[in-house]
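Visitor: This is model_27.txt, which holds compact mmCIF, C-alpha atoms:
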# COMPACT_ATOMS: atom_id res chain seq x y z
CA MET A 1486 23.03 109.13 102.00
CA LYS A 1487 24.84 107.23 99.22
CA LYS A 1488 23.26 103.91 98.27
CA ASN A 1489 26.38 101.75 98.84
CA ALA A 1490 27.02 103.27 102.24
CA ARG A 1491 23.37 102.88 103.08
CA GLN A 1492 23.35 99.20 102.14
CA TRP A 1493 26.50 98.50 104.15
CA PHE A 1494 25.04 100.30 107.16
CA CYS A 1495 21.80 98.34 106.95
CA LEU A 1496 23.68 95.05 106.77
CA LEU A 1497 25.95 95.94 109.68
CA LEU A 1498 23.21 97.21 111.93
CA ALA A 1499 20.93 94.31 111.07
CA PHE A 1500 23.71 91.92 112.09
CA CYS A 1501 24.24 93.79 115.37
CA LEU A 1502 20.54 93.55 116.09
CA THR A 1503 20.31 89.81 115.43
CA LEU A 1504 20.62 88.90 119.09
CA SER A 1505 17.63 91.08 119.94
CA ALA A 1506 15.62 90.38 116.80
CA SER A 1507 13.18 88.16 118.61
CA ALA A 1508 12.11 91.16 120.68
CA CYS A 1509 10.79 92.79 117.52
CA LYS A 1510 8.41 89.92 116.80
CA HIS A 1511 4.81 90.46 117.77
CA SER A 1512 1.76 88.35 118.43
CA LYS A 1513 -0.82 90.68 116.89
CA PRO A 1514 -1.75 89.63 113.34
CA THR A 1515 -0.38 91.97 110.69
CA THR A 1516 -0.78 92.46 106.96
CA ASP A 1517 0.82 89.19 105.83
CA ASP A 1518 -0.50 88.94 102.29
CA VAL A 1519 -0.39 92.17 100.33
CA SER A 1520 -1.47 90.51 97.10
CA SER A 1521 -5.11 90.68 98.16
CA GLN A 1522 -4.90 94.38 99.05
CA ASP A 1523 -5.86 97.24 96.75
CA LYS A 1524 -2.82 98.85 95.19
CA PRO A 1525 -1.81 101.83 97.36
CA SER A 1526 -1.74 105.32 95.91
CA LEU A 1527 2.00 105.39 96.64
CA THR A 1528 4.24 102.54 95.52
CA LEU A 1529 8.00 102.22 95.98
CA THR A 1530 10.84 100.07 94.76
CA ARG A 1531 13.47 98.71 97.13
CA GLU A 1532 15.93 101.24 95.75
CA GLU A 1533 13.57 104.10 96.61
CA LEU A 1534 12.88 102.89 100.15
CA PRO A 1535 14.56 105.18 102.69
CA ILE A 1536 16.34 103.79 105.75
CA ILE A 1537 13.64 103.39 108.40
CA ASP A 1538 14.19 102.80 112.11
CA GLY A 1539 12.03 103.07 115.18
CA ALA A 1540 10.64 101.94 118.50
CA LEU A 1541 9.78 98.34 119.22
CA ALA A 1542 6.13 99.21 119.93
CA LEU A 1543 5.73 100.77 116.47
CA ALA A 1544 7.63 98.14 114.47
CA PRO A 1545 4.49 96.21 113.42
CA TYR A 1546 3.10 99.38 111.84
CA TYR A 1547 6.11 100.47 109.84
CA GLU A 1548 6.81 96.87 108.81
CA ALA A 1549 3.24 96.60 107.49
CA MET A 1550 3.62 100.00 105.81
CA THR A 1551 6.79 98.82 104.08
CA ALA A 1552 5.06 95.63 102.93
CA ARG A 1553 2.15 97.62 101.51
CA LEU A 1554 4.21 100.25 99.69
CA LEU A 1555 6.68 97.75 98.21
CA GLY A 1556 4.12 95.04 97.47
CA VAL A 1557 6.02 92.38 99.43
CA ASP A 1558 5.00 90.05 102.23
CA ILE A 1559 5.47 91.00 105.87
CA GLU A 1560 8.39 88.65 106.49
CA GLU A 1561 10.34 90.22 103.65
CA ALA A 1562 9.41 93.71 104.81
CA ARG A 1563 10.88 92.99 108.25
CA THR A 1564 14.27 92.42 106.67
CA LEU A 1565 14.18 95.82 104.99
CA VAL A 1566 13.70 98.04 108.06
CA LEU A 1567 15.48 98.48 111.38
CA CYS A 1568 14.11 98.09 114.90
CA SER A 1569 16.85 99.37 117.16
CA ASN A 1570 14.69 100.93 119.96
CA THR A 1571 13.94 104.56 120.78
CA PRO A 1572 17.34 105.79 122.09
CA SER A 1573 19.27 104.17 119.25
CA ALA A 1574 16.77 105.34 116.62
CA TYR A 1575 17.11 108.97 117.73
CA GLN A 1576 20.88 108.65 117.77
CA ASN A 1577 20.86 107.12 114.30
CA LEU A 1578 18.70 109.97 113.01
CA THR A 1579 20.99 112.53 114.63
CA ASP A 1580 24.03 110.86 113.07
CA GLY A 1581 22.43 110.78 109.62
CA LYS A 1582 22.50 106.98 109.51
CA VAL A 1583 18.74 106.68 108.94
CA ASP A 1584 16.23 108.83 107.06
CA MET A 1585 13.13 108.58 109.22
CA ILE A 1586 12.12 107.04 112.54
CA PHE A 1587 8.80 105.96 114.07
CA CYS A 1588 8.88 106.83 117.78
CA ALA A 1589 7.32 108.64 120.69
CA MET A 1590 8.51 112.20 121.25
CA PRO A 1591 12.18 112.43 122.25
CA SER A 1592 13.57 113.15 125.70
CA ASP A 1593 15.08 116.54 126.47
CA GLU A 1594 18.52 114.93 126.39
CA GLN A 1595 17.91 113.49 122.91
CA VAL A 1596 16.88 116.92 121.62
CA LYS A 1597 19.95 118.54 123.19
CA THR A 1598 22.25 115.91 121.68
CA ALA A 1599 20.77 116.59 118.26
CA LYS A 1600 21.13 120.34 118.61
CA LYS A 1601 24.79 119.97 119.58
CA ALA A 1602 25.24 118.08 116.32
CA GLY A 1603 23.47 120.85 114.40
CA VAL A 1604 20.33 118.77 113.87
CA THR A 1605 16.74 119.87 114.43
CA PHE A 1606 14.00 117.26 114.54
CA GLU A 1607 10.71 117.63 112.66
CA TYR A 1608 7.63 115.76 113.92
CA HIS A 1609 4.60 114.33 112.12
CA THR A 1610 1.84 112.79 114.25
CA ILE A 1611 0.62 109.43 112.97
CA LEU A 1612 -1.02 107.30 115.70
CA ASN A 1613 -2.88 107.74 118.96
CA GLY A 1614 -1.88 105.59 121.89
CA GLY A 1615 -1.92 105.55 125.65
CA PHE A 1616 0.72 105.64 128.34
CA VAL A 1617 -0.41 102.92 130.74
CA PHE A 1618 0.35 101.56 134.19
CA PHE A 1619 -0.11 97.91 135.03
CA VAL A 1620 -0.06 95.65 138.08
CA ASN A 1621 -0.15 91.93 138.75
CA LYS A 1622 -3.53 90.30 138.09
CA ASP A 1623 -3.86 89.38 141.77
CA ASN A 1624 -3.64 92.99 142.91
CA PRO A 1625 -7.19 94.05 143.88
CA VAL A 1626 -6.59 97.72 143.00
CA LYS A 1627 -8.36 98.58 139.75
CA SER A 1628 -7.74 102.30 139.38
CA LEU A 1629 -5.54 105.05 140.78
CA THR A 1630 -5.65 108.81 140.56
CA LYS A 1631 -2.80 110.72 139.00
CA GLU A 1632 -1.93 112.06 142.45
CA GLN A 1633 -1.68 108.51 143.83
CA LEU A 1634 0.60 107.46 140.98
CA GLN A 1635 2.75 110.53 141.61
CA GLY A 1636 2.98 109.57 145.27
CA ILE A 1637 4.12 106.06 144.34
CA TYR A 1638 6.86 107.27 142.00
CA ARG A 1639 8.01 109.97 144.41
CA GLY A 1640 8.40 107.26 147.03
CA GLU A 1641 5.75 108.76 149.31
CA ILE A 1642 3.21 105.93 148.94
CA THR A 1643 4.95 102.65 149.70
CA ASN A 1644 2.18 100.18 150.58
CA TRP A 1645 -0.87 99.19 148.56
CA LYS A 1646 -3.11 99.56 151.61
CA GLN A 1647 -2.55 103.34 151.32
CA VAL A 1648 -4.52 103.29 148.07
CA GLY A 1649 -7.20 100.76 148.97
CA GLY A 1650 -5.26 97.55 148.33
CA ASP A 1651 -3.79 94.78 150.43
CA ASP A 1652 -1.10 95.26 153.05
CA VAL A 1653 1.70 94.62 150.52
CA GLU A 1654 4.82 96.66 149.81
CA ILE A 1655 4.71 98.54 146.50
CA ILE A 1656 7.52 97.52 144.12
CA PRO A 1657 7.68 100.37 141.56
CA TYR A 1658 9.64 99.30 138.50
CA GLN A 1659 11.13 101.88 136.14
CA ARG A 1660 12.72 101.80 132.68
CA ASN A 1661 16.19 102.86 131.59
CA GLU A 1662 17.01 106.49 130.87
CA GLY A 1663 16.38 107.52 127.26
CA SER A 1664 13.81 104.77 126.64
CA GLY A 1665 10.46 105.85 125.26
CA SER A 1666 8.71 104.56 128.38
CA GLN A 1667 10.92 106.48 130.80
CA THR A 1668 10.50 109.63 128.76
CA GLY A 1669 6.75 108.98 128.93
CA LEU A 1670 6.89 108.79 132.73
CA TYR A 1671 8.48 112.24 132.85
CA ARG A 1672 6.04 113.66 130.30
CA PHE A 1673 2.81 112.23 131.66
CA LEU A 1674 3.38 111.84 135.40
CA LEU A 1675 6.33 113.62 137.02
CA PRO A 1676 9.33 115.72 136.03
CA LYS A 1677 12.57 113.77 136.09
CA ASP A 1678 13.88 115.50 139.21
CA GLU A 1679 10.78 114.46 141.19
CA VAL A 1680 10.94 110.74 140.37
CA MET A 1681 12.67 108.70 143.05
CA LYS A 1682 15.90 107.04 142.00
CA ALA A 1683 15.22 103.39 141.28
CA PRO A 1684 17.50 100.71 142.72
CA THR A 1685 19.47 98.94 139.99
CA GLU A 1686 17.31 95.83 140.19
CA LEU A 1687 14.15 97.90 139.59
CA ALA A 1688 15.47 99.86 136.58
CA ILE A 1689 14.77 97.59 133.62
CA GLY A 1690 16.29 98.09 130.20
CA ASP A 1691 14.04 95.81 128.15
CA MET A 1692 10.45 96.79 127.40
CA GLY A 1693 9.17 93.24 127.71
CA ALA A 1694 11.12 92.53 130.88
CA ILE A 1695 9.22 95.13 132.91
CA ILE A 1696 5.96 93.35 132.02
CA ASP A 1697 7.45 89.98 132.93
CA ALA A 1698 8.64 91.37 136.26
CA VAL A 1699 5.16 92.53 137.21
CA ALA A 1700 3.63 89.30 135.94
CA HIS A 1701 5.92 86.63 137.33
CA TYR A 1702 8.97 87.63 139.36
CA ASP A 1703 9.42 87.62 143.15
CA ASN A 1704 7.14 90.13 144.88
CA ALA A 1705 5.11 90.39 141.67
CA LYS A 1706 1.89 90.94 143.62
CA GLY A 1707 3.24 94.25 144.87
CA ALA A 1708 4.76 95.35 141.56
CA ILE A 1709 3.72 98.19 139.29
CA GLY A 1710 5.16 99.16 135.91
CA TYR A 1711 4.37 101.27 132.87
CA SER A 1712 4.63 101.14 129.10
CA TYR A 1713 2.61 102.00 125.99
CA TYR A 1714 -0.82 100.57 125.36
CA TYR A 1715 -0.19 98.79 122.06
CA TYR A 1716 2.92 97.04 123.32
CA VAL A 1717 1.24 95.77 126.50
CA SER A 1718 -2.05 94.80 124.91
CA SER A 1719 -0.74 93.25 121.70
CA MET A 1720 3.00 92.74 121.33
CA HIS A 1721 3.80 91.40 124.80
CA TYR A 1722 0.36 90.46 126.07
CA THR A 1723 0.00 88.32 129.17
CA ASP A 1724 -3.06 87.57 131.26
CA GLN A 1725 -0.88 87.73 134.37
CA ILE A 1726 -1.14 91.52 134.51
CA LYS A 1727 -3.98 94.03 134.30
CA LEU A 1728 -4.05 97.61 133.12
CA LEU A 1729 -4.90 100.16 135.77
CA GLY A 1730 -7.58 102.74 135.23
CA ILE A 1731 -6.57 106.34 135.82
CA GLU A 1732 -9.21 108.52 137.42
CA GLY A 1733 -11.52 105.55 136.89
CA VAL A 1734 -10.96 105.27 133.11
CA VAL A 1735 -9.38 102.01 131.95
CA PRO A 1736 -7.22 102.25 128.78
CA SER A 1737 -8.83 100.60 125.75
CA ASP A 1738 -9.18 101.18 122.02
CA GLU A 1739 -12.38 103.07 122.72
CA THR A 1740 -11.16 105.30 125.58
CA ILE A 1741 -7.97 106.14 123.70
CA SER A 1742 -9.86 106.83 120.47
CA ASP A 1743 -12.40 109.13 122.12
CA GLY A 1744 -9.81 110.85 124.31
CA SER A 1745 -11.43 109.97 127.63
CA TYR A 1746 -8.33 108.13 128.86
CA PRO A 1747 -6.21 110.77 130.64
CA MET A 1748 -2.76 109.90 129.25
CA ILE A 1749 -2.97 109.94 125.46
CA ASN A 1750 0.33 109.48 123.67
CA GLN A 1751 0.71 110.39 120.02
CA SER A 1752 3.33 108.53 118.03
CA GLN A 1753 5.41 110.39 115.49
CA ILE A 1754 7.36 110.04 112.31
CA VAL A 1755 10.49 112.04 113.09
CA ILE A 1756 12.84 113.35 110.41
CA ARG A 1757 15.60 115.92 110.18
CA ASP A 1758 14.17 119.33 109.29
CA ASP A 1759 16.57 119.66 106.35
CA THR A 1760 14.94 116.70 104.58
CA PRO A 1761 14.19 117.90 101.01
CA GLN A 1762 10.58 118.82 100.33
CA ASP A 1763 10.45 116.59 97.25
CA SER A 1764 11.99 113.56 98.99
CA VAL A 1765 10.41 110.12 99.12
CA VAL A 1766 10.49 110.47 102.93
CA ARG A 1767 7.93 113.27 102.77
CA LYS A 1768 5.83 111.30 100.27
CA ILE A 1769 5.71 108.41 102.76
CA ILE A 1770 4.67 110.77 105.57
CA ALA A 1771 1.83 112.12 103.44
CA TRP A 1772 0.68 108.57 102.67
CA VAL A 1773 0.83 107.48 106.33
CA GLN A 1774 -1.30 110.51 107.30
CA SER A 1775 -3.84 109.76 104.56
CA GLU A 1776 -6.96 107.62 104.84
CA GLU A 1777 -4.99 104.67 103.46
CA GLY A 1778 -2.38 105.01 106.19
CA ALA A 1779 -5.04 105.31 108.88
CA ASN A 1780 -6.80 102.21 107.59
CA LEU A 1781 -3.52 100.27 107.65
CA ALA A 1782 -2.96 101.32 111.27
CA GLU A 1783 -6.37 100.04 112.31
CA GLU A 1784 -5.91 96.78 110.37
CA ASN A 1785 -2.84 96.17 112.52
CA GLY A 1786 -4.46 96.95 115.87
CA TYR A 1787 -3.40 100.58 116.33
CA VAL A 1788 -5.58 103.61 116.98
CA ALA A 1789 -5.23 105.88 113.96
CA ASN A 1790 -4.90 109.63 114.29
CA ARG A 1791 -7.64 111.02 112.07
CA MET A 1792 -7.52 114.58 113.36
Mind converting the file's structure to structure tokens?

Guide:
Amino acid sequence: MKKNARQWFCLLLAFCLTLSASACKHSKPTTDDVSSQDKPSLTLTREELPIIDGALALAPYYEAMTARLLGVDIEEARTLVLCSNTPSAYQNLTDGKVDMIFCAMPSDEQVKTAKKAGVTFEYHTILNGGFVFFVNKDNPVKSLTKEQLQGIYRGEITNWKQVGGDDVEIIPYQRNEGSGSQTGLYRFLLPKDEVMKAPTELAIGDMGAIIDAVAHYDNAKGAIGYSYYYYVSSMHYTDQIKLLGIEGVVPSDETISDGSYPMINQSQIVIRDDTPQDSVVRKIIAWVQSEEGANLAEENGYVANRM
């Protein structure tokens, strides 16, 4: 991608994302002062930095990565990358508007769209995470089996008393189609054609809004939602919800790291498979998958993939 076109695209897309920029802020401390860090084995100039996009839940990592590789502070790094959410990031990669994205695996529809455009995705695993379900803090249920969760999202289990809870109607929130969380539901729990169709008011487009709905909105005590572990535990944390165990195992850094939590999600760097072998994009991937990249992930609250 030509540099001038790339700069204009970054400016335009950054402007379009201004209204949602606050959603990309996070409460977990990140690498704010790179001056005290050891110089990384890979260093880049601004001109060498590829166009990076990705999912909201992974933004703190690739922002910190950018800060480390460029030797700038985190606030400056945030202005140099995009955070346009999973569906938009995959579309941008398909369209050739960005060079690499940090996301969960794509939906079947996103892969098909890319193939129609003559694009094949290439995946590089970088982080371990968990696909998690959560309920209001006042819900006495602490854990569900996978079969019980399937029954809820098929619409077969409709009251919490059916799974050992209070006599309260279950309000099962879903995410919008194409979002990383909705794709996760299909990957980890049920095929798309088995999930009940959610009423409009229960299909939530914003990742943080589904947490807020379970925490605070009307009928919150009966609500259940889902997302990714890092986002729920760090980026949009609230003590008004609790994470459900699955088969008795509660998601945590430890249970995700040791693999005992049943729904382990691995985050990816995704690129186009025609990316040149000697490109800076591939050098960044190698650095992220190195010990230095793993250490940076853990410094910022993620579970590194050290396989």

Visitor: Can you tell me how far atom CA of Ala1779 of chain A sits from atom CA of Glu1560 of chain A, in Å to one decimal?

Guide: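 Straight-line distance from atom CA of Ala1779 of chain A to atom CA of Glu1560 of chain A works out to 21.5 Å.
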
Visitor: Set the distance at 10 Å and use only C-alpha atoms: which residues neighbour Leu1578 of chain A once local chain neighbours fewer than 3 positions away are removed? I'd like the list as a short mmCIF file (atom, residue, chain, number, x, y, z; two decimals) with C-alpha atoms, in the coordinates of the input.

Guide:
data_model
loop_
_atom_site.label_atom_id
_atom_site.label_comp_id
_atom_site.auth_asym_id
_atom_site.auth_seq_id
_atom_site.Cartn_x
_atom_site.Cartn_y
_atom_site.Cartn_z
CA ILE A 1536 16.34 103.79 105.75
CA ILE A 1537 13.64 103.39 108.40
CA ASP A 1538 14.19 102.80 112.11
CA GLY A 1539 12.03 103.07 115.18
CA SER A 1573 19.27 104.17 119.25
CA ALA A 1574 16.77 105.34 116.62
CA TYR A 1575 17.11 108.97 117.73
CA GLY A 1581 22.43 110.78 109.62
CA LYS A 1582 22.50 106.98 109.51
CA VAL A 1583 18.74 106.68 108.94
CA ASP A 1584 16.23 108.83 107.06
CA MET A 1585 13.13 108.58 109.22
CA ILE A 1586 12.12 107.04 112.54
CA ALA A 1599 20.77 116.59 118.26
CA VAL A 1604 20.33 118.77 113.87
CA PHE A 1606 14.00 117.26 114.54
CA VAL A 1755 10.49 112.04 113.09
CA ILE A 1756 12.84 113.35 110.41
CA ARG A 1757 15.60 115.92 110.18
#

Visitor: Wanna dump the segment 1722-1787 of chain A-segment 1655-1673 of chain A contacts at 10 Å for me, each residue with its shortest atom pair and the distance in Å to one decimal, counting all atoms listed in the file, ordered by chain and number, as a Markdown table?

Guide:
| residue | atom | partner | partner_atom | distance |
| --- | --- | --- | --- | --- |
| A:Pro1747 | CA | A:Phe1673 | CA | 9.2 |
| A:Met1748 | CA | A:Phe1673 | CA | 6.5 |
| A:Ile1749 | CA | A:Phe1673 | CA | 8.8 |
| A:Asn1750 | CA | A:Gly1669 | CA | 8.3 |

Visitor: Residues at most 12 Å from segment 1733-1746 of chain A, counting only C-alpha atoms, excluding those fewer than 6 positions away in the same chain, as an NGL selection string?

Guide: :A and (1612-1619 or 1626-1631 or 1712-1715 or 1717-1719 or 1727 or 1783 or 1786-1792)

Visitor: For atom CA of Thr1564 of chain A and atom CA of Arg1531 of chain A, quote the distance in Å rounded to one decimal.

Guide: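 Interatomic distance here is 11.5 Å.
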
Visitor: So which one's closest to Glu1532 of chain A, A:Glu1777, A:Ala1708, A:Leu1565, A:Glu1654? Using only C-alpha atoms, please.

Guide: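 Result for the nearest residue to Glu1532 of chain A: A:Leu1565.
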
Visitor: Around (3.3, 94.7, 146.9) in the file's frame, which residues reach within 9 Å when counting all atoms listed in the file? Return as an mmCIF file with C-alpha atoms, in the coordinates of the input?

Guide:
data_model
loop_
_atom_site.group_PDB
_atom_site.id
_atom_site.type_symbol
_atom_site.label_atom_id
_atom_site.label_comp_id
_atom_site.auth_asym_id
_atom_site.auth_seq_id
_atom_site.Cartn_x
_atom_site.Cartn_y
_atom_site.Cartn_z
ATOM 1 C CA ASN A 1624 -3.640 92.990 142.910
ATOM 2 C CA THR A 1643 4.950 102.650 149.700
ATOM 3 C CA ASN A 1644 2.180 100.180 150.580
ATOM 4 C CA TRP A 1645 -0.870 99.190 148.560
ATOM 5 C CA ASP A 1651 -3.790 94.780 150.430
ATOM 6 C CA ASP A 1652 -1.100 95.260 153.050
ATOM 7 C CA VAL A 1653 1.700 94.620 150.520
ATOM 8 C CA GLU A 1654 4.820 96.660 149.810
ATOM 9 C CA ILE A 1655 4.710 98.540 146.500
ATOM 10 C CA ILE A 1656 7.520 97.520 144.120
ATOM 11 C CA PRO A 1657 7.680 100.370 141.560
ATOM 12 C CA ASN A 1704 7.140 90.130 144.880
ATOM 13 C CA ALA A 1705 5.110 90.390 141.670
ATOM 14 C CA LYS A 1706 1.890 90.940 143.620
ATOM 15 C CA GLY A 1707 3.240 94.250 144.870
ATOM 16 C CA ALA A 1708 4.760 95.350 141.560
ATOM 17 C CA ILE A 1709 3.720 98.190 139.290
#

Visitor: List as a PDB file with C-alpha atoms, in the frame of the given file: which residues have an atom within 12 Å of (1.7, 108.1, 146.0), counting all atoms listed in the file?

Guide:
ATOM      1  CA  LEU A1629      -5.540 105.050 140.780  1.00  0.00           C
ATOM      2  CA  THR A1630      -5.650 108.810 140.560  1.00  0.00           C
ATOM      3  CA  LYS A1631      -2.800 110.720 139.000  1.00  0.00           C
ATOM      4  CA  GLU A1632      -1.930 112.060 142.450  1.00  0.00           C
ATOM      5  CA  GLN A1633      -1.680 108.510 143.830  1.00  0.00           C
ATOM      6  CA  LEU A1634       0.600 107.460 140.980  1.00  0.00           C
ATOM      7  CA  GLN A1635       2.750 110.530 141.610  1.00  0.00           C
ATOM      8  CA  GLY A1636       2.980 109.570 145.270  1.00  0.00           C
ATOM      9  CA  ILE A1637       4.120 106.060 144.340  1.00  0.00           C
ATOM     10  CA  TYR A1638       6.860 107.270 142.000  1.00  0.00           C
ATOM     11  CA  ARG A1639       8.010 109.970 144.410  1.00  0.00           C
ATOM     12  CA  GLY A1640       8.400 107.260 147.030  1.00  0.00           C
ATOM     13  CA  GLU A1641       5.750 108.760 149.310  1.00  0.00           C
ATOM     14  CA  ILE A1642       3.210 105.930 148.940  1.00  0.00           C
ATOM     15  CA  THR A1643       4.950 102.650 149.700  1.00  0.00           C
ATOM     16  CA  ASN A1644       2.180 100.180 150.580  1.00  0.00           C
ATOM     17  CA  TRP A1645      -0.870  99.190 148.560  1.00  0.00           C
ATOM     18  CA  LYS A1646      -3.110  99.560 151.610  1.00  0.00           C
ATOM     19  CA  GLN A1647      -2.550 103.340 151.320  1.00  0.00           C
ATOM     20  CA  VAL A1648      -4.520 103.290 148.070  1.00  0.00           C
ATOM     21  CA  GLY A1649      -7.200 100.760 148.970  1.00  0.00           C
ATOM     22  CA  ILE A1655       4.710  98.540 146.500  1.00  0.00           C
ATOM     23  CA  PRO A1657       7.680 100.370 141.560  1.00  0.00           C
ATOM     24  CA  LEU A1674       3.380 111.840 135.400  1.00  0.00           C
ATOM     25  CA  LEU A1675       6.330 113.620 137.020  1.00  0.00           C
ATOM     26  CA  VAL A1680      10.940 110.740 140.370  1.00  0.00           C
ATOM     27  CA  MET A1681      12.670 108.700 143.050  1.00  0.00           C
TER      28      MET A1681
END

Visitor: Let me make sure I understand: among A:Gly1650, A:Pro1625, A:Pro1572, A:Gly1778, which one has the smallest atom-to-atom distance to Gly1690 of chain A if we use all atoms listed in the file?

Guide: A:Pro1572

Visitor: Which residue, A:Lys1677, A:Pro1535, A:Met1550, A:Ile1559, has the smallest gap to Ser1592 of chain A when you use all atoms listed in the file?

Guide: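 Going through A:Lys1677, A:Pro1535, A:Met1550, A:Ile1559 one by one, the smallest distance to Ser1592 of chain A is for A:Lys1677.
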
Visitor: Which distance in Å separates atom CA of Glu1561 of chain A and atom CA of Thr1528 of chain A, to one decimal?

Guide: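 Interatomic distance here is 16.0 Å.
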